[in-house]
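Note: the block below is work12.txt and it holds compact mmCIF, C-alpha atoms.
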# COMPACT_ATOMS: atom_id res chain seq x y z
CA MET A 219 158.13 123.97 119.51
CA THR A 220 156.64 126.55 117.13
CA ASP A 221 154.84 128.26 120.00
CA TYR A 222 158.04 128.55 122.00
CA THR A 223 160.15 129.69 119.06
CA PHE A 224 157.80 132.26 117.56
CA ARG A 225 154.88 133.25 119.79
CA GLN A 226 156.73 133.33 123.09
CA SER A 227 159.64 135.23 121.55
CA SER A 228 157.24 137.74 119.98
CA ILE A 229 155.58 138.33 123.34
CA LYS A 230 158.94 138.98 124.99
CA ILE A 231 159.95 141.45 122.29
CA ALA A 232 156.60 143.26 122.55
CA GLU A 233 156.88 143.47 126.34
CA ARG A 234 160.34 145.02 126.05
CA HIS A 235 159.17 147.43 123.36
CA ALA A 236 155.94 148.51 125.10
CA PRO A 237 157.47 150.81 127.75
CA HIS A 238 159.00 152.90 124.98
CA HIS A 239 156.44 152.92 122.15
CA ALA A 240 152.84 151.96 121.48
CA THR A 241 152.92 148.22 120.87
CA PHE A 242 150.19 146.00 119.49
CA MET A 243 149.80 142.25 118.99
CA TYR A 244 146.97 140.05 117.88
CA ASP A 245 146.16 136.37 118.13
CA PHE A 246 144.52 135.25 114.89
CA MET A 247 142.44 132.18 115.62
CA TRP A 248 140.17 131.86 112.57
CA ALA A 249 140.47 128.28 111.32
CA SER A 250 140.61 127.77 107.57
CA PRO A 251 138.02 125.27 106.31
CA VAL A 252 140.51 123.90 103.75
CA GLN A 253 141.43 120.20 103.92
CA ASN A 254 138.49 119.33 106.18
CA ASN A 255 139.48 121.93 108.80
CA THR A 256 142.89 120.34 109.39
CA LEU A 257 144.89 123.51 108.71
CA GLY A 258 143.47 125.52 111.58
CA ALA A 259 144.87 129.04 111.76
CA GLY A 260 147.94 128.09 109.76
CA HIS A 261 151.03 130.18 109.21
CA THR A 262 150.27 133.35 107.17
CA VAL A 263 146.52 132.66 106.97
CA ASP A 264 146.04 136.04 108.68
CA VAL A 265 147.84 138.04 105.98
CA PRO A 266 145.00 138.19 103.39
CA PHE A 267 142.66 139.36 106.16
CA ALA A 268 145.07 142.01 107.43
CA LEU A 269 145.69 143.34 103.92
CA HIS A 270 142.08 142.78 102.77
CA THR A 271 143.25 140.73 99.79
CA LEU A 272 140.88 137.81 100.16
CA TRP A 273 140.24 137.23 96.48
CA THR A 274 143.30 135.93 94.67
CA PRO A 275 143.83 132.82 92.54
CA HIS A 276 145.20 131.13 95.67
CA THR A 277 142.24 131.95 97.91
CA PRO A 278 140.44 128.60 97.57
CA TYR A 279 143.62 126.72 98.49
CA HIS A 280 144.29 128.71 101.66
CA LEU A 281 141.02 130.26 102.80
CA GLY A 282 138.33 128.13 101.16
CA ASP A 283 135.63 129.20 98.75
CA ASP A 284 133.94 131.79 100.96
CA PRO A 285 136.30 133.52 103.42
CA PRO A 286 134.51 135.86 105.87
CA VAL A 287 134.86 139.39 104.51
CA ALA A 288 133.62 140.80 107.84
CA LEU A 289 136.78 139.49 109.48
CA ALA A 290 138.91 141.42 106.99
CA ASP A 291 136.77 144.51 107.48

Kindly present the structure from the file in structure tokens form.
Amino acid sequence: MTDYTFRQSSIKIAERHAPHHATFMYDFMWASPVQNNTLGAGHTVDVPFALHTLWTPHTPYHLGDDPPVALAD
């Protein structure tokens, strides 16, 4: 249901936008090691990588103890 509601809708919007302006999307698939790898690439896990803010007090709870800096770079 989440895929249909969010990802598919985002693709449709990007396709409609693309003929008029440069349009970019990404599929973030890095799986967080937190909770024995059960989170996967959870909602908003990509944000610290996109903003290069990997080291916050919340980092261990969302990204684990050693998130890959190269991915943020």

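Closest approach to A:Tyr279 from the set A:Gln253, A:Glu233, A:Tyr244, A:Phe267 is made by A:Gln253, with distances taken over only C-alpha atoms.
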
Distance of atom CA of A:Asn254 from atom CA of A:Leu281, expressed in Å to one decimal place: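 Separating atom CA of A:Leu281 from atom CA of A:Asn254 is a distance of 11.7 Å.
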
For atom CA of A:His270 and atom CA of A:Ala232, quote the distance in Å rounded to one decimal.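 Value for the atom CA of A:His270-atom CA of A:Ala232 distance: 24.5 Å.
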
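Of the residues listed (A:Gln226, A:Ala236, A:Gly282, A:Leu289), A:Leu289 shows the shortest atom-to-atom separation from A:Leu269; distances use all atoms listed in the file.
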
Point-to-point distance from atom CA of A:Tyr222 to atom CA of A:Asp245, Å rounded to tenths: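 Computing the Euclidean distance for atom CA of A:Tyr222 and atom CA of A:Asp245 yields 14.7 Å.
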
List as JSON, numbers by chain the protein and nucleic acid residues near A:Ala268, meaning an atom at most 12 Å away when only C-alpha atoms are counted, but skip any in the same chain fewer than 6 places from it. {"A": [244, 246, 262, 287, 288, 289, 290, 291]}

So which residues fall inside 7 Å of (151.7, 141.4, 121.2) if we count only C-alpha atoms? Mind giving them as a ChimeraX atom specification? /A:228-229,232,241-244

Just to be explicit: take each residue in the selection above, keep C-alpha atoms, and write the result as a PDB file, in the frame of the given file.
ATOM      1  CA  SER A 228     157.240 137.740 119.980  1.00  0.00           C
ATOM      2  CA  ILE A 229     155.580 138.330 123.340  1.00  0.00           C
ATOM      3  CA  ALA A 232     156.600 143.260 122.550  1.00  0.00           C
ATOM      4  CA  THR A 241     152.920 148.220 120.870  1.00  0.00           C
ATOM      5  CA  PHE A 242     150.190 146.000 119.490  1.00  0.00           C
ATOM      6  CA  MET A 243     149.800 142.250 118.990  1.00  0.00           C
ATOM      7  CA  TYR A 244     146.970 140.050 117.880  1.00  0.00           C
TER       8      TYR A 244
END

Excluding same-chain residues fewer than 4 positions from A:Asp284, what lies within 10 Å of it counting only C-alpha atoms, as a ChimeraX atom specification? /A:251,272-273,277-278

So, counting all atoms listed in the file, which residue among A:Met247, A:Met219, A:Val252, A:Ile231 is closest to A:Asp283? A:Val252

Stretch 278-289 of chain A rebuilt with all heavy atoms, output as an mmCIF file, in the coordinates of the input:
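That gives us rebuild_18.cif:
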data_model
loop_
_atom_site.group_PDB
_atom_site.id
_atom_site.type_symbol
_atom_site.label_atom_id
_atom_site.label_comp_id
_atom_site.auth_asym_id
_atom_site.auth_seq_id
_atom_site.Cartn_x
_atom_site.Cartn_y
_atom_site.Cartn_z
ATOM 1 N N PRO A 278 141.089 129.875 97.234
ATOM 2 C CA PRO A 278 140.440 128.600 97.570
ATOM 3 C C PRO A 278 141.374 127.591 98.230
ATOM 4 O O PRO A 278 140.938 126.762 99.017
ATOM 5 C CB PRO A 278 139.945 128.081 96.218
ATOM 6 C CG PRO A 278 139.875 129.278 95.344
ATOM 7 C CD PRO A 278 140.959 130.208 95.830
ATOM 8 N N TYR A 279 142.654 127.678 97.932
ATOM 9 C CA TYR A 279 143.620 126.720 98.490
ATOM 10 C C TYR A 279 144.026 127.039 99.920
ATOM 11 O O TYR A 279 144.488 126.164 100.644
ATOM 12 C CB TYR A 279 144.873 126.657 97.608
ATOM 13 C CG TYR A 279 144.568 126.334 96.177
ATOM 14 C CD1 TYR A 279 144.675 127.298 95.192
ATOM 15 C CD2 TYR A 279 144.140 125.062 95.811
ATOM 16 C CE1 TYR A 279 144.377 127.012 93.873
ATOM 17 C CE2 TYR A 279 143.836 124.750 94.504
ATOM 18 C CZ TYR A 279 143.956 125.727 93.531
ATOM 19 O OH TYR A 279 143.652 125.433 92.237
ATOM 20 N N HIS A 280 143.877 128.292 100.316
ATOM 21 C CA HIS A 280 144.290 128.710 101.660
ATOM 22 C C HIS A 280 143.122 129.072 102.569
ATOM 23 O O HIS A 280 143.165 128.808 103.761
ATOM 24 C CB HIS A 280 145.238 129.910 101.579
ATOM 25 C CG HIS A 280 146.478 129.634 100.830
ATOM 26 N ND1 HIS A 280 147.500 128.856 101.320
ATOM 27 C CD2 HIS A 280 146.869 130.009 99.585
ATOM 28 C CE1 HIS A 280 148.457 128.767 100.421
ATOM 29 N NE2 HIS A 280 148.104 129.448 99.365
ATOM 30 N N LEU A 281 142.113 129.720 101.987
ATOM 31 C CA LEU A 281 141.020 130.260 102.800
ATOM 32 C C LEU A 281 139.669 129.623 102.509
ATOM 33 O O LEU A 281 138.683 129.959 103.156
ATOM 34 C CB LEU A 281 140.901 131.769 102.567
ATOM 35 C CG LEU A 281 142.165 132.597 102.743
ATOM 36 C CD1 LEU A 281 141.889 134.056 102.441
ATOM 37 C CD2 LEU A 281 142.745 132.426 104.131
ATOM 38 N N GLY A 282 139.600 128.741 101.536
ATOM 39 C CA GLY A 282 138.330 128.130 101.160
ATOM 40 C C GLY A 282 137.604 128.967 100.139
ATOM 41 O O GLY A 282 138.100 129.992 99.661
ATOM 42 N N ASP A 283 136.402 128.538 99.792
ATOM 43 C CA ASP A 283 135.630 129.200 98.750
ATOM 44 C C ASP A 283 134.914 130.461 99.186
ATOM 45 O O ASP A 283 134.531 131.283 98.363
ATOM 46 C CB ASP A 283 134.601 128.222 98.170
ATOM 47 C CG ASP A 283 135.281 127.068 97.444
ATOM 48 O OD1 ASP A 283 136.326 127.307 96.813
ATOM 49 O OD2 ASP A 283 134.759 125.943 97.526
ATOM 50 N N ASP A 284 134.728 130.642 100.475
ATOM 51 C CA ASP A 284 133.940 131.790 100.960
ATOM 52 C C ASP A 284 134.533 132.346 102.256
ATOM 53 O O ASP A 284 133.923 132.236 103.322
ATOM 54 C CB ASP A 284 132.495 131.351 101.157
ATOM 55 C CG ASP A 284 131.562 132.510 101.371
ATOM 56 O OD1 ASP A 284 131.862 133.609 100.882
ATOM 57 O OD2 ASP A 284 130.534 132.299 102.030
ATOM 58 N N PRO A 285 135.716 132.969 102.204
ATOM 59 C CA PRO A 285 136.300 133.520 103.420
ATOM 60 C C PRO A 285 135.447 134.670 103.964
ATOM 61 O O PRO A 285 134.850 135.416 103.190
ATOM 62 C CB PRO A 285 137.671 134.013 102.994
ATOM 63 C CG PRO A 285 137.574 134.201 101.527
ATOM 64 C CD PRO A 285 136.539 133.233 101.033
ATOM 65 N N PRO A 286 135.373 134.822 105.277
ATOM 66 C CA PRO A 286 134.510 135.860 105.870
ATOM 67 C C PRO A 286 135.075 137.277 105.677
ATOM 68 O O PRO A 286 136.044 137.665 106.304
ATOM 69 C CB PRO A 286 134.478 135.482 107.340
ATOM 70 C CG PRO A 286 135.725 134.703 107.578
ATOM 71 C CD PRO A 286 136.022 134.002 106.278
ATOM 72 N N VAL A 287 134.431 138.027 104.798
ATOM 73 C CA VAL A 287 134.860 139.390 104.510
ATOM 74 C C VAL A 287 134.763 140.263 105.763
ATOM 75 O O VAL A 287 135.600 141.141 105.974
ATOM 76 C CB VAL A 287 133.997 139.987 103.356
ATOM 77 C CG1 VAL A 287 134.371 141.436 103.102
ATOM 78 C CG2 VAL A 287 134.168 139.156 102.100
ATOM 79 N N ALA A 288 133.784 140.003 106.601
ATOM 80 C CA ALA A 288 133.620 140.800 107.840
ATOM 81 C C ALA A 288 134.868 140.723 108.704
ATOM 82 O O ALA A 288 135.206 141.694 109.384
ATOM 83 C CB ALA A 288 132.403 140.325 108.597
ATOM 84 N N LEU A 289 135.549 139.622 108.682
ATOM 85 C CA LEU A 289 136.780 139.490 109.480
ATOM 86 C C LEU A 289 137.872 140.395 108.910
ATOM 87 O O LEU A 289 138.631 140.995 109.669
ATOM 88 C CB LEU A 289 137.250 138.022 109.493
ATOM 89 C CG LEU A 289 138.437 137.686 110.354
ATOM 90 C CD1 LEU A 289 138.224 138.110 111.806
ATOM 91 C CD2 LEU A 289 138.710 136.179 110.285
#
